[in-house]
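Encoded as structure tokens, the structure appears first; notes follow it.
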Amino acid sequence: MKQLEVQILGQSYLLGCPEGGEARLLDAVKMVDTAMCAIRDGGKIKARDRIAVLAALNLAFDLSDRDRAPAPRPAPPQSAATASADSDPVLAGLIEQLDQALSQDGQLI
């Protein structure tokens, strides 16, 4: 198994990767980094763990949409990547649910 060093949200990670899977892993890293940076740059959330959870939820939601829809969804316009929770009701709802869950004990797990 090959190891690749990658950067996600400015932090370095050493990831294991099967031979021949480097391009797929780098594409996945880019998707995660882009999603996390968009949430961070929205200005509402600064905690890395909360950013990671929201990015994971957004990516999982997008994947579940792809599984149900016969045609791929078009990529959002560039400006949508930096939209804040104020202009995105889905993101605002996810943030509110996270805030409620975290307010109980301050931890997800």
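Residue numbering restarts at 1 in every chain; chains get A, B, ... in the order shown in the structure tokens, and ligands count up from 1 in that same order.
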Can you build me a table of range 21-65 of chain A residues sitting at most 9 Å from range 1-4 of chain A, with the closest atom pair per residue and its distance in Å to one decimal, using only C-alpha atoms, sorted by chain and residue number, as CSV?
residue,atom,partner,partner_atom,distance
A:Glu22,CA,A:Leu4,CA,7.9
A:Leu25,CA,A:Leu4,CA,8.9
A:Leu26,CA,A:Leu4,CA,8.8
Write the residues of the preceding selection, restricted to N, CA, C and O atoms, as a short mmCIF file (atom, residue, chain, number, x, y, z; two decimals), in the first residue's frame.
data_model
loop_
_atom_site.label_atom_id
_atom_site.label_comp_id
_atom_site.auth_asym_id
_atom_site.auth_seq_id
_atom_site.Cartn_x
_atom_site.Cartn_y
_atom_site.Cartn_z
N GLU A 22 -4.21 6.37 -6.61
CA GLU A 22 -3.74 7.71 -6.23
C GLU A 22 -4.63 8.82 -6.77
O GLU A 22 -4.99 9.75 -6.06
N LEU A 25 -7.93 8.97 -4.88
CA LEU A 25 -7.74 9.51 -3.53
C LEU A 25 -7.52 11.02 -3.59
O LEU A 25 -8.11 11.77 -2.81
N LEU A 26 -6.71 11.47 -4.52
CA LEU A 26 -6.45 12.92 -4.64
C LEU A 26 -7.72 13.67 -5.03
O LEU A 26 -7.95 14.78 -4.55
#
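Here CA of Leu57 in chain A and CA of Leu15 in chain A stand 21.3 Å from one another.
Of the listed residues (A:Ile45, A:Ala38, A:Leu54, A:Leu9), A:Leu54 comes nearest to Val90 in chain A; the distances count only C-alpha atoms.
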